[in-house]
>>> print(open('input_26.cif').read())   # mmCIF, N, CA and C atoms and all ligand atoms
data_query
#
loop_
_atom_site.label_atom_id
_atom_site.label_comp_id
_atom_site.auth_asym_id
_atom_site.auth_seq_id
_atom_site.Cartn_x
_atom_site.Cartn_y
_atom_site.Cartn_z
N MET A 806 29.53 -31.19 0.69
CA MET A 806 28.21 -30.61 0.94
C MET A 806 28.35 -29.29 1.70
N ARG A 807 27.63 -28.36 1.26
CA ARG A 807 27.66 -27.08 1.97
C ARG A 807 26.53 -27.02 3.00
N SER A 808 26.79 -26.27 3.98
CA SER A 808 25.71 -26.02 4.93
C SER A 808 24.91 -24.81 4.45
N THR A 809 23.66 -25.03 4.36
CA THR A 809 22.83 -23.94 3.85
C THR A 809 22.82 -22.78 4.83
N PRO A 810 23.02 -21.61 4.29
CA PRO A 810 23.00 -20.44 5.15
C PRO A 810 21.62 -20.24 5.78
N ARG A 811 21.66 -19.79 6.99
CA ARG A 811 20.39 -19.67 7.70
C ARG A 811 19.57 -18.52 7.16
N THR A 812 20.27 -17.48 6.82
CA THR A 812 19.53 -16.31 6.35
C THR A 812 19.36 -16.40 4.85
N MET A 813 18.24 -16.87 4.46
CA MET A 813 17.96 -16.94 3.04
C MET A 813 17.46 -15.59 2.57
N LYS A 814 17.84 -15.32 1.35
CA LYS A 814 17.38 -14.04 0.81
C LYS A 814 15.92 -14.14 0.46
N ARG A 815 15.18 -13.42 1.20
CA ARG A 815 13.75 -13.44 0.91
C ARG A 815 13.44 -12.43 -0.18
N ARG A 816 12.44 -12.76 -0.90
CA ARG A 816 11.97 -11.78 -1.87
C ARG A 816 11.36 -10.60 -1.14
N LYS A 817 11.54 -9.49 -1.76
CA LYS A 817 10.98 -8.30 -1.14
C LYS A 817 9.47 -8.29 -1.32
N ARG A 818 8.84 -8.95 -0.42
CA ARG A 818 7.38 -8.95 -0.46
C ARG A 818 6.87 -8.39 0.84
N GLY A 819 7.23 -7.18 1.07
CA GLY A 819 6.84 -6.56 2.32
C GLY A 819 5.36 -6.26 2.35
N LYS A 820 5.09 -5.10 2.84
CA LYS A 820 3.69 -4.72 2.92
C LYS A 820 3.16 -4.46 1.52
N PRO A 821 1.90 -4.73 1.33
CA PRO A 821 1.29 -4.36 0.06
C PRO A 821 1.27 -2.85 -0.09
N ILE A 822 1.42 -2.43 -1.30
CA ILE A 822 1.43 -1.00 -1.55
C ILE A 822 0.00 -0.50 -1.68
N LEU A 823 -0.28 0.51 -0.95
CA LEU A 823 -1.64 1.04 -0.94
C LEU A 823 -1.75 2.23 -1.86
N HIS A 824 -2.83 2.25 -2.59
CA HIS A 824 -3.08 3.35 -3.52
C HIS A 824 -4.40 4.02 -3.18
N CYS A 825 -4.39 5.31 -3.32
CA CYS A 825 -5.61 6.05 -3.11
C CYS A 825 -6.55 5.81 -4.29
N PRO A 826 -7.80 5.50 -4.03
CA PRO A 826 -8.75 5.24 -5.11
C PRO A 826 -9.11 6.51 -5.88
N GLN A 827 -8.84 7.63 -5.30
CA GLN A 827 -9.21 8.88 -5.96
C GLN A 827 -8.10 9.41 -6.85
N CYS A 828 -6.91 9.52 -6.29
CA CYS A 828 -5.84 10.14 -7.06
C CYS A 828 -4.74 9.15 -7.39
N GLY A 829 -4.80 7.98 -6.82
CA GLY A 829 -3.81 6.97 -7.14
C GLY A 829 -2.50 7.15 -6.40
N SER A 830 -2.46 8.08 -5.51
CA SER A 830 -1.23 8.32 -4.78
C SER A 830 -0.97 7.20 -3.79
N THR A 831 0.29 7.02 -3.49
CA THR A 831 0.64 6.01 -2.50
C THR A 831 0.92 6.65 -1.15
N ARG A 832 0.68 7.90 -1.09
CA ARG A 832 0.95 8.59 0.17
C ARG A 832 -0.25 8.47 1.10
N LEU A 833 -0.50 7.25 1.48
CA LEU A 833 -1.61 6.99 2.37
C LEU A 833 -1.10 6.76 3.77
N THR A 834 -1.77 7.32 4.68
CA THR A 834 -1.41 7.09 6.07
C THR A 834 -2.56 6.40 6.77
N TYR A 835 -2.19 5.50 7.62
CA TYR A 835 -3.20 4.72 8.32
C TYR A 835 -3.77 5.53 9.48
N VAL A 836 -5.03 5.74 9.42
CA VAL A 836 -5.65 6.56 10.46
C VAL A 836 -5.97 5.71 11.68
N GLY A 837 -6.61 4.61 11.44
CA GLY A 837 -6.93 3.76 12.57
C GLY A 837 -8.12 2.89 12.27
N GLY A 838 -8.42 2.08 13.21
CA GLY A 838 -9.54 1.18 13.03
C GLY A 838 -10.78 1.74 13.68
N LEU A 839 -11.77 1.89 12.90
CA LEU A 839 -13.05 2.33 13.44
C LEU A 839 -14.04 1.20 13.31
N ILE A 840 -15.27 1.53 13.49
CA ILE A 840 -16.30 0.49 13.38
C ILE A 840 -16.32 -0.06 11.96
N LEU A 841 -16.03 0.82 11.02
CA LEU A 841 -16.06 0.40 9.63
C LEU A 841 -14.88 -0.48 9.29
N GLY A 842 -13.84 -0.34 10.07
CA GLY A 842 -12.63 -1.09 9.76
C GLY A 842 -11.45 -0.15 9.64
N GLN A 843 -10.54 -0.53 8.78
CA GLN A 843 -9.36 0.29 8.60
C GLN A 843 -9.73 1.57 7.87
N VAL A 844 -9.11 2.63 8.29
CA VAL A 844 -9.36 3.90 7.64
C VAL A 844 -8.03 4.52 7.26
N TYR A 845 -7.96 4.93 6.01
CA TYR A 845 -6.73 5.53 5.52
C TYR A 845 -6.99 6.97 5.12
N HIS A 846 -5.93 7.71 5.15
CA HIS A 846 -6.01 9.12 4.78
C HIS A 846 -4.97 9.40 3.72
N CYS A 847 -5.43 9.92 2.60
CA CYS A 847 -4.50 10.26 1.53
C CYS A 847 -3.97 11.66 1.77
N LEU A 848 -2.65 11.76 1.76
CA LEU A 848 -2.05 13.05 2.04
C LEU A 848 -2.09 13.96 0.83
N LYS A 849 -2.42 13.38 -0.28
CA LYS A 849 -2.37 14.16 -1.51
C LYS A 849 -3.70 14.83 -1.81
N CYS A 850 -4.76 14.03 -1.78
CA CYS A 850 -6.06 14.58 -2.15
C CYS A 850 -7.01 14.63 -0.96
N ASP A 851 -6.48 14.25 0.19
CA ASP A 851 -7.27 14.34 1.42
C ASP A 851 -8.42 13.34 1.45
N TYR A 852 -8.27 12.29 0.71
CA TYR A 852 -9.29 11.25 0.76
C TYR A 852 -9.18 10.50 2.08
N VAL A 853 -10.31 10.26 2.68
CA VAL A 853 -10.35 9.47 3.89
C VAL A 853 -11.37 8.37 3.71
N GLY A 854 -10.95 7.17 3.93
CA GLY A 854 -11.88 6.08 3.77
C GLY A 854 -11.20 4.75 4.01
N SER A 855 -12.00 3.73 3.99
CA SER A 855 -11.47 2.41 4.27
C SER A 855 -11.14 1.67 2.99
N PHE A 856 -11.58 2.22 1.89
CA PHE A 856 -11.35 1.54 0.63
C PHE A 856 -10.10 2.09 -0.05
N VAL A 857 -9.12 1.25 -0.21
CA VAL A 857 -7.92 1.64 -0.93
C VAL A 857 -7.50 0.49 -1.82
N TYR A 858 -6.77 0.82 -2.83
CA TYR A 858 -6.24 -0.22 -3.71
C TYR A 858 -4.99 -0.81 -3.10
N GLU A 859 -4.88 -2.10 -3.22
CA GLU A 859 -3.68 -2.75 -2.74
C GLU A 859 -3.00 -3.43 -3.91
N THR A 860 -1.74 -3.13 -4.05
CA THR A 860 -0.97 -3.81 -5.06
C THR A 860 0.31 -4.33 -4.44
N ASP A 861 0.86 -5.31 -5.04
CA ASP A 861 2.09 -5.88 -4.54
C ASP A 861 3.09 -5.96 -5.68
N GLY A 862 3.79 -4.90 -5.87
CA GLY A 862 4.75 -4.89 -6.96
C GLY A 862 5.15 -3.46 -7.27
N PRO A 863 5.83 -3.30 -8.37
CA PRO A 863 6.28 -1.96 -8.77
C PRO A 863 5.10 -1.06 -9.03
N VAL A 864 5.25 0.14 -8.59
CA VAL A 864 4.16 1.08 -8.72
C VAL A 864 4.22 1.75 -10.08
N GLU A 865 3.13 1.64 -10.78
CA GLU A 865 3.07 2.34 -12.04
C GLU A 865 2.41 3.69 -11.83
N PRO A 866 2.92 4.66 -12.52
CA PRO A 866 2.30 5.97 -12.41
C PRO A 866 0.88 5.94 -12.93
N ALA A 867 -0.02 6.14 -12.03
CA ALA A 867 -1.43 6.05 -12.38
C ALA A 867 -1.87 7.28 -13.13
N SER A 868 -2.41 7.06 -14.28
CA SER A 868 -2.94 8.18 -15.03
C SER A 868 -4.41 8.33 -14.69
N ASP A 869 -4.64 9.16 -13.75
CA ASP A 869 -6.01 9.29 -13.29
C ASP A 869 -6.82 10.11 -14.28
N ASP A 870 -7.98 9.58 -14.55
CA ASP A 870 -8.85 10.29 -15.49
C ASP A 870 -10.07 10.84 -14.74
N ALA A 871 -9.80 11.31 -13.60
CA ALA A 871 -10.91 11.84 -12.78
C ALA A 871 -11.25 13.27 -13.22
ZN ZN B 901 -5.59 10.64 -2.93
#
>>> encode(input="input_26.cif", output="C-alpha cells", more="lines below")
Ligand SMILES: [Zn+2]
Amino acid sequence: MRSTPRTMKRRKRGKPILHCPQCGSTRLTYVGGLILGQVYHCLKCDYVGSFVYETDGPVEPASDDA
C-alpha cells in the first residue's frame, strides 16, 4: 500500500476569469467595493461598472459586434 501524497494536484480552478461586457477584454482591474458592490475597470475600453462576465475556463477570443 502506498501512502497517499499530501499534496494532491488540484485542478487549476483559480479565480474566475472576468470579461468586460463591452469589449470582452479580460484586462479588468478591481476598483473596489462601493455601495453598489464590486466595481471593475476595464483597461481596454475604460468601462467602469459592477457588471462583468465571469467565466471559468479557457478564454475564447470574443468577437464583439458592438
Ligand atoms: Zn472593456
>>> residues_near_ligand(input="input_26.cif", ligand="ligand ZN 901 (chain B)", cutoff="8 Å", atoms="only N, CA and C atoms and all ligand atoms", output="number ranges by chain")
A: 824-833, 846-853
>>> atom_distance(input="input_26.cif", atom1="atom C of Gly842 of chain A", atom2="atom C of Val857 of chain A")
12.1 Å
>>> atom_distance(input="input_26.cif", atom1="atom N of Leu823 of chain A", atom2="atom N of Tyr835 of chain A")
10.1 Å
>>> closest_residue(input="input_26.cif", among="A:Ile822, A:Gly838, A:Ser868, A:Ser808", to="Ser855 of chain A", atoms="only C-alpha atoms")
A:Gly838
>>> atom_distance(input="input_26.cif", atom1="atom N of Lys820 of chain A", atom2="atom N of Asp861 of chain A")
8.9 Å
>>> axis_aligned_box(input="input_26.cif", around="segment 853-858 of chain A", padding_each_side="4 Å", output="AutoDock Vina command-line options")
--center_x -8.5 --center_y 4.7 --center_z 0.3 --size_x 15.0 --size_y 19.1 --size_z 16.0
>>> residues_around(input="input_26.cif", residues="Val836 of chain A", least_positions_apart="6", cutoff="6.5 Å", atoms="all atoms listed in the file", output="count of residues only")
4
